[in-house]
file start_23.cif (mmCIF, C-alpha atoms and all ligand atoms)
data_work
#
loop_
_atom_site.group_PDB
_atom_site.id
_atom_site.type_symbol
_atom_site.label_atom_id
_atom_site.label_comp_id
_atom_site.auth_asym_id
_atom_site.auth_seq_id
_atom_site.Cartn_x
_atom_site.Cartn_y
_atom_site.Cartn_z
ATOM 1 C CA MET A 66 -0.782 -12.669 14.659
ATOM 2 C CA TYR A 67 0.487 -11.939 11.129
ATOM 3 C CA ASP A 68 -0.818 -14.383 8.500
ATOM 4 C CA LYS A 69 2.118 -15.271 6.233
ATOM 5 C CA ASN A 70 -0.314 -16.631 3.640
ATOM 6 C CA ASN A 71 -2.143 -13.366 2.992
ATOM 7 C CA ILE A 72 -2.211 -12.299 -0.637
ATOM 8 C CA PHE A 73 0.236 -9.398 -0.263
ATOM 9 C CA ALA A 74 2.770 -11.656 1.498
ATOM 10 C CA LYS A 75 2.467 -13.933 -1.549
ATOM 11 C CA ILE A 76 3.026 -10.956 -3.865
ATOM 12 C CA LEU A 77 6.152 -9.996 -1.884
ATOM 13 C CA ARG A 78 7.455 -13.591 -2.201
ATOM 14 C CA GLU A 79 6.646 -13.400 -5.942
ATOM 15 C CA GLU A 80 4.356 -16.411 -5.648
ATOM 16 C CA ILE A 81 1.668 -14.414 -7.412
ATOM 17 C CA PRO A 82 2.212 -11.570 -9.887
ATOM 18 C CA CYS A 83 1.414 -7.891 -9.590
ATOM 19 C CA GLU A 84 1.648 -4.847 -11.833
ATOM 20 C CA LYS A 85 4.597 -3.077 -10.232
ATOM 21 C CA VAL A 86 4.619 0.717 -10.138
ATOM 22 C CA TYR A 87 7.586 1.279 -7.817
ATOM 23 C CA GLU A 88 9.874 -0.890 -5.711
ATOM 24 C CA ASP A 89 12.876 -0.420 -3.469
ATOM 25 C CA GLU A 90 14.532 -2.266 -0.606
ATOM 26 C CA PHE A 91 11.764 -1.372 1.850
ATOM 27 C CA SER A 92 8.523 -1.198 -0.096
ATOM 28 C CA LEU A 93 6.503 -2.260 -3.115
ATOM 29 C CA PHE A 94 3.767 -0.334 -4.930
ATOM 30 C CA PHE A 95 1.456 -1.994 -7.449
ATOM 31 C CA ASN A 96 -1.871 -1.482 -9.196
ATOM 32 C CA ASP A 97 -4.998 -2.568 -7.336
ATOM 33 C CA ILE A 98 -6.639 -5.527 -9.102
ATOM 34 C CA ASN A 99 -10.084 -3.930 -8.678
ATOM 35 C CA PRO A 100 -9.461 -0.200 -9.184
ATOM 36 C CA GLN A 101 -11.891 2.256 -7.579
ATOM 37 C CA ALA A 102 -10.484 5.221 -9.563
ATOM 38 C CA LYS A 103 -8.446 5.826 -12.738
ATOM 39 C CA ILE A 104 -5.341 5.587 -10.565
ATOM 40 C CA HIS A 105 -5.529 3.086 -7.708
ATOM 41 C CA ILE A 106 -2.209 1.935 -6.349
ATOM 42 C CA LEU A 107 -1.440 -0.090 -3.242
ATOM 43 C CA GLY A 108 1.758 0.512 -1.288
ATOM 44 C CA ILE A 109 3.133 -2.065 1.137
ATOM 45 C CA PRO A 110 6.236 -2.277 3.298
ATOM 46 C CA LYS A 111 8.370 -5.427 2.999
ATOM 47 C CA ILE A 112 8.030 -6.454 6.637
ATOM 48 C CA ASP A 113 5.410 -8.621 8.307
ATOM 49 C CA CYS A 114 2.925 -6.068 9.631
ATOM 50 C CA ILE A 115 -0.845 -6.181 9.784
ATOM 51 C CA ASP A 116 -1.872 -2.538 9.742
ATOM 52 C CA LEU A 117 -0.540 0.990 10.277
ATOM 53 C CA PHE A 118 -0.395 0.556 14.058
ATOM 54 C CA ASP A 119 1.589 -2.675 13.705
ATOM 55 C CA PHE A 120 3.888 -1.136 11.057
ATOM 56 C CA ILE A 121 4.753 1.856 13.245
ATOM 57 C CA ASN A 122 5.312 -0.378 16.288
ATOM 58 C CA LYS A 123 7.636 -2.735 14.417
ATOM 59 C CA SER A 124 9.625 -0.190 12.396
ATOM 60 C CA ASP A 125 12.338 2.298 13.197
ATOM 61 C CA ALA A 126 12.207 5.929 12.104
ATOM 62 C CA ALA A 127 14.354 5.274 9.023
ATOM 63 C CA TYR A 128 11.979 2.563 7.757
ATOM 64 C CA ILE A 129 8.863 4.645 8.382
ATOM 65 C CA SER A 130 10.474 7.612 6.676
ATOM 66 C CA SER A 131 11.553 5.494 3.712
ATOM 67 C CA PHE A 132 8.045 4.077 3.260
ATOM 68 C CA PHE A 133 6.373 7.487 3.217
ATOM 69 C CA ASN A 134 9.091 8.945 0.988
ATOM 70 C CA SER A 135 8.257 6.132 -1.435
ATOM 71 C CA VAL A 136 4.598 7.189 -1.304
ATOM 72 C CA ASN A 137 5.845 10.614 -2.385
ATOM 73 C CA SER A 138 7.922 9.093 -5.203
ATOM 74 C CA VAL A 139 4.809 7.339 -6.501
ATOM 75 C CA ILE A 140 2.768 10.556 -6.292
ATOM 76 C CA GLU A 141 5.493 12.267 -8.321
ATOM 77 C CA LYS A 142 5.817 9.398 -10.799
ATOM 78 C CA LEU A 143 2.067 9.354 -11.442
ATOM 79 C CA LYS A 144 2.045 13.174 -11.715
ATOM 80 C CA ILE A 145 -0.864 13.547 -9.285
ATOM 81 C CA ASP A 146 0.876 15.996 -6.947
ATOM 82 C CA LYS A 147 -0.885 18.985 -8.538
ATOM 83 C CA THR A 148 -4.252 17.430 -9.386
ATOM 84 C CA GLY A 149 -4.661 15.758 -5.992
ATOM 85 C CA TYR A 150 -5.196 12.295 -4.631
ATOM 86 C CA ARG A 151 -6.578 10.395 -1.658
ATOM 87 C CA ILE A 152 -4.667 8.077 0.643
ATOM 88 C CA ILE A 153 -6.565 5.477 2.660
ATOM 89 C CA SER A 154 -5.428 2.725 4.977
ATOM 90 C CA ASN A 155 -8.087 0.376 6.312
ATOM 91 C CA SER A 156 -7.532 -1.522 9.540
ATOM 92 C CA GLY A 157 -9.351 -4.463 11.047
ATOM 93 C CA LYS A 158 -13.022 -5.368 11.082
ATOM 94 C CA ASN A 159 -14.353 -1.885 11.762
ATOM 95 C CA GLY A 160 -12.046 -0.360 9.146
ATOM 96 C CA GLY A 161 -13.149 -2.870 6.511
ATOM 97 C CA GLN A 162 -9.660 -4.299 5.919
ATOM 98 C CA GLU A 163 -9.685 -7.297 3.571
ATOM 99 C CA VAL A 164 -5.984 -8.087 3.284
ATOM 100 C CA PRO A 165 -4.145 -8.281 6.636
ATOM 101 C CA HIS A 166 -0.821 -6.809 5.479
ATOM 102 C CA PHE A 167 -0.483 -3.055 6.059
ATOM 103 C CA HIS A 168 -1.156 -1.121 2.866
ATOM 104 C CA VAL A 169 -2.020 2.352 1.725
ATOM 105 C CA HIS A 170 -4.401 2.936 -1.152
ATOM 106 C CA ILE A 171 -3.381 5.857 -3.390
ATOM 107 C CA LEU A 172 -6.366 6.990 -5.443
ATOM 108 C CA GLY A 173 -6.422 9.712 -8.065
ATOM 109 C CA GLY A 174 -6.502 10.524 -11.755
ATOM 110 C CA GLU A 175 -10.056 11.860 -11.531
ATOM 111 C CA LYS A 176 -12.387 13.712 -9.153
ATOM 112 C CA LEU A 177 -13.181 11.358 -6.285
ATOM 113 C CA GLY A 178 -16.509 11.206 -4.462
ATOM 114 C CA SER A 179 -16.783 12.378 -0.905
ATOM 115 C CA ILE A 180 -16.318 9.700 1.771
ATOM 116 C CA ILE A 181 -16.792 11.676 5.005
HETATM 117 P P1 LIG B 201 -8.421 -3.477 1.958
HETATM 118 O O1 LIG B 201 -9.922 -3.639 1.967
HETATM 119 O O2 LIG B 201 -7.989 -2.121 2.411
HETATM 120 O O3 LIG B 201 -7.735 -4.596 2.703
HETATM 121 O O4 LIG B 201 -7.991 -3.536 0.446
HETATM 122 C C1 LIG B 201 -7.476 -4.673 -0.183
HETATM 123 C C2 LIG B 201 -7.306 -4.305 -1.635
HETATM 124 O O5 LIG B 201 -6.495 -5.290 -2.228
HETATM 125 C C3 LIG B 201 -8.602 -4.243 -2.446
HETATM 126 O O6 LIG B 201 -8.727 -2.936 -3.014
HETATM 127 C C4 LIG B 201 -8.410 -5.318 -3.516
HETATM 128 O O7 LIG B 201 -8.952 -4.964 -4.765
HETATM 129 C C5 LIG B 201 -6.894 -5.449 -3.568
HETATM 130 N N1 LIG B 201 -6.373 -6.730 -4.040
HETATM 131 C C6 LIG B 201 -6.736 -7.961 -3.616
HETATM 132 N N2 LIG B 201 -5.991 -8.898 -4.244
HETATM 133 C C7 LIG B 201 -5.140 -8.234 -5.062
HETATM 134 C C8 LIG B 201 -4.120 -8.634 -5.980
HETATM 135 N N3 LIG B 201 -3.818 -9.932 -6.184
HETATM 136 N N4 LIG B 201 -3.451 -7.689 -6.664
HETATM 137 C C9 LIG B 201 -3.747 -6.383 -6.482
HETATM 138 N N5 LIG B 201 -4.690 -5.931 -5.632
HETATM 139 C C10 LIG B 201 -5.385 -6.846 -4.931
#

call {"tool": "encode", "arguments": {"input": "start_23.cif", "output": "structure tokens"}}
result
Amino acid sequence: MYDKNNIFAKILREEIPCEKVYEDEFSLFFNDINPQAKIHILGIPKIDCIDLFDFINKSDAAYISSFFNSVNSVIEKLKIDKTGYRIISNSGKNGGQEVPHFHVHILGGEKLGSII
């Protein structure tokens, strides 16, 4: 069950602020409050969805396409397309997800350590 009081739902309702990087009708991208790299942006769709699995199940092809095109817009805006980046999406207990609203982490701006 989606928790409407999670912190990203509050950001979407503008009940708490964020440092916006990109926004359109379908998605919002903002700086992570506790950055793990020089560039650390979170991207979220504007529908109630818990994780990637839930997002894909609840969205049509146009919405999914729009969200990932927005990821590309952010990559272009931040000029990390050539230098590289890492995209992560945690899910659930085993995935170490803290905030139960689907999000992608976009990390870059420096050489990142190996994770696998
Ligand atoms: P995850 O563990 O994948 O759920 O990641 C949640 C991320 O949200 C963490 O990297 C946090 O630093 C970040 N975060 C939590 N609260 C905020 C906030 N108010 N604004 C921006 N980022 C946040």

call {"tool": "residues_near_ligand", "arguments": {"input": "start_23.cif", "ligand": "ligand LIG 201 (chain B)", "cutoff": "9 Å", "atoms": "all atoms listed in the file", "output": "PDB file with C-alpha atoms, in the coordinates of the input"}}
result
ATOM      1  CA  ILE A  72      -2.211 -12.299  -0.637  1.00  0.00           C
ATOM      2  CA  PHE A  73       0.236  -9.398  -0.263  1.00  0.00           C
ATOM      3  CA  LYS A  75       2.467 -13.933  -1.549  1.00  0.00           C
ATOM      4  CA  ILE A  76       3.026 -10.956  -3.865  1.00  0.00           C
ATOM      5  CA  ILE A  81       1.668 -14.414  -7.412  1.00  0.00           C
ATOM      6  CA  PRO A  82       2.212 -11.570  -9.887  1.00  0.00           C
ATOM      7  CA  CYS A  83       1.414  -7.891  -9.590  1.00  0.00           C
ATOM      8  CA  GLU A  84       1.648  -4.847 -11.833  1.00  0.00           C
ATOM      9  CA  PHE A  95       1.456  -1.994  -7.449  1.00  0.00           C
ATOM     10  CA  ASN A  96      -1.871  -1.482  -9.196  1.00  0.00           C
ATOM     11  CA  ASP A  97      -4.998  -2.568  -7.336  1.00  0.00           C
ATOM     12  CA  ILE A  98      -6.639  -5.527  -9.102  1.00  0.00           C
ATOM     13  CA  ASN A  99     -10.084  -3.930  -8.678  1.00  0.00           C
ATOM     14  CA  PRO A 100      -9.461  -0.200  -9.184  1.00  0.00           C
ATOM     15  CA  GLN A 101     -11.891   2.256  -7.579  1.00  0.00           C
ATOM     16  CA  HIS A 105      -5.529   3.086  -7.708  1.00  0.00           C
ATOM     17  CA  ILE A 106      -2.209   1.935  -6.349  1.00  0.00           C
ATOM     18  CA  LEU A 107      -1.440  -0.090  -3.242  1.00  0.00           C
ATOM     19  CA  ILE A 153      -6.565   5.477   2.660  1.00  0.00           C
ATOM     20  CA  SER A 154      -5.428   2.725   4.977  1.00  0.00           C
ATOM     21  CA  ASN A 155      -8.087   0.376   6.312  1.00  0.00           C
ATOM     22  CA  SER A 156      -7.532  -1.522   9.540  1.00  0.00           C
ATOM     23  CA  GLY A 157      -9.351  -4.463  11.047  1.00  0.00           C
ATOM     24  CA  GLY A 160     -12.046  -0.360   9.146  1.00  0.00           C
ATOM     25  CA  GLY A 161     -13.149  -2.870   6.511  1.00  0.00           C
ATOM     26  CA  GLN A 162      -9.660  -4.299   5.919  1.00  0.00           C
ATOM     27  CA  GLU A 163      -9.685  -7.297   3.571  1.00  0.00           C
ATOM     28  CA  VAL A 164      -5.984  -8.087   3.284  1.00  0.00           C
ATOM     29  CA  PRO A 165      -4.145  -8.281   6.636  1.00  0.00           C
ATOM     30  CA  HIS A 166      -0.821  -6.809   5.479  1.00  0.00           C
ATOM     31  CA  PHE A 167      -0.483  -3.055   6.059  1.00  0.00           C
ATOM     32  CA  HIS A 168      -1.156  -1.121   2.866  1.00  0.00           C
ATOM     33  CA  VAL A 169      -2.020   2.352   1.725  1.00  0.00           C
ATOM     34  CA  HIS A 170      -4.401   2.936  -1.152  1.00  0.00           C
TER      35      HIS A 170
END

call {"tool": "atom_distance", "arguments": {"input": "start_23.cif", "atom1": "CA of Ala127 in chain A", "atom2": "CA of Lys144 in chain A"}}
result
25.4 Å

call {"tool": "residues_around", "arguments": {"input": "start_23.cif", "residues": "Tyr67 in chain A", "least_positions_apart": "3", "cutoff": "10 Å", "atoms": "only C-alpha atoms", "output": "PDB file with C-alpha atoms, in the coordinates of the input"}}
result
ATOM      1  CA  ASN A  70      -0.314 -16.631   3.640  1.00  0.00           C
ATOM      2  CA  ASN A  71      -2.143 -13.366   2.992  1.00  0.00           C
ATOM      3  CA  ALA A  74       2.770 -11.656   1.498  1.00  0.00           C
ATOM      4  CA  ASP A 113       5.410  -8.621   8.307  1.00  0.00           C
ATOM      5  CA  CYS A 114       2.925  -6.068   9.631  1.00  0.00           C
ATOM      6  CA  ILE A 115      -0.845  -6.181   9.784  1.00  0.00           C
ATOM      7  CA  ASP A 116      -1.872  -2.538   9.742  1.00  0.00           C
ATOM      8  CA  ASP A 119       1.589  -2.675  13.705  1.00  0.00           C
ATOM      9  CA  PRO A 165      -4.145  -8.281   6.636  1.00  0.00           C
ATOM     10  CA  HIS A 166      -0.821  -6.809   5.479  1.00  0.00           C
TER      11      HIS A 166
END

call {"tool": "resolve_selection", "arguments": {"input": "start_23.cif", "expression": "the PyMOL selection byres (((chain A and resi 87-92) around 8) and not hetatm)", "output": "PyMOL selection string"}}
result
chain A and resi 85-86+93-95+108-112+128+131-132+135+139

call {"tool": "atom_distance", "arguments": {"input": "start_23.cif", "atom1": "CA of Arg151 in chain A", "atom2": "CA of Ile171 in chain A"}}
result
5.8 Å

call {"tool": "decode", "arguments": {"input": "start_23.cif", "residues": "range 148-161 of chain A", "atoms": "N, CA and C atoms", "output": "CSV table (one decimal), in the first residue's frame"}}
result
chain,number,residue,atom,x,y,z
A,148,THR,N,31.0,12.1,-19.7
A,148,THR,CA,31.8,11.7,-18.6
A,148,THR,C,31.3,10.4,-17.9
A,149,GLY,N,30.0,10.2,-18.0
A,149,GLY,CA,29.4,9.0,-17.4
A,149,GLY,C,28.7,9.3,-16.1
A,150,TYR,N,28.0,8.3,-15.7
A,150,TYR,CA,27.1,8.4,-14.5
A,150,TYR,C,26.6,7.0,-14.1
A,151,ARG,N,25.9,7.0,-13.0
A,151,ARG,CA,25.4,5.7,-12.5
A,151,ARG,C,23.9,6.0,-12.1
A,152,ILE,N,23.0,5.1,-12.5
A,152,ILE,CA,21.6,5.2,-12.1
A,152,ILE,C,21.3,4.0,-11.2
A,153,ILE,N,20.7,4.3,-10.1
A,153,ILE,CA,20.3,3.3,-9.1
A,153,ILE,C,18.9,3.4,-8.7
A,154,SER,N,18.2,2.4,-8.5
A,154,SER,CA,16.8,2.4,-8.0
A,154,SER,C,16.7,1.3,-6.9
A,155,ASN,N,16.6,1.7,-5.7
A,155,ASN,CA,16.5,0.7,-4.6
A,155,ASN,C,15.0,0.3,-4.4
A,156,SER,N,14.8,-0.9,-4.1
A,156,SER,CA,13.4,-1.3,-3.8
A,156,SER,C,13.3,-2.2,-2.6
A,157,GLY,N,12.4,-1.9,-1.7
A,157,GLY,CA,12.1,-2.7,-0.5
A,157,GLY,C,13.2,-2.9,0.5
A,158,LYS,N,12.9,-3.8,1.4
A,158,LYS,CA,13.9,-4.1,2.5
A,158,LYS,C,15.2,-4.6,1.9
A,159,ASN,N,15.2,-5.6,1.0
A,159,ASN,CA,16.4,-6.2,0.6
A,159,ASN,C,17.2,-5.2,-0.3
A,160,GLY,N,16.5,-4.3,-1.0
A,160,GLY,CA,17.2,-3.3,-1.8
A,160,GLY,C,17.6,-2.1,-1.0
A,161,GLY,N,17.3,-2.0,0.2
A,161,GLY,CA,17.7,-0.9,1.1
A,161,GLY,C,17.0,0.4,0.8
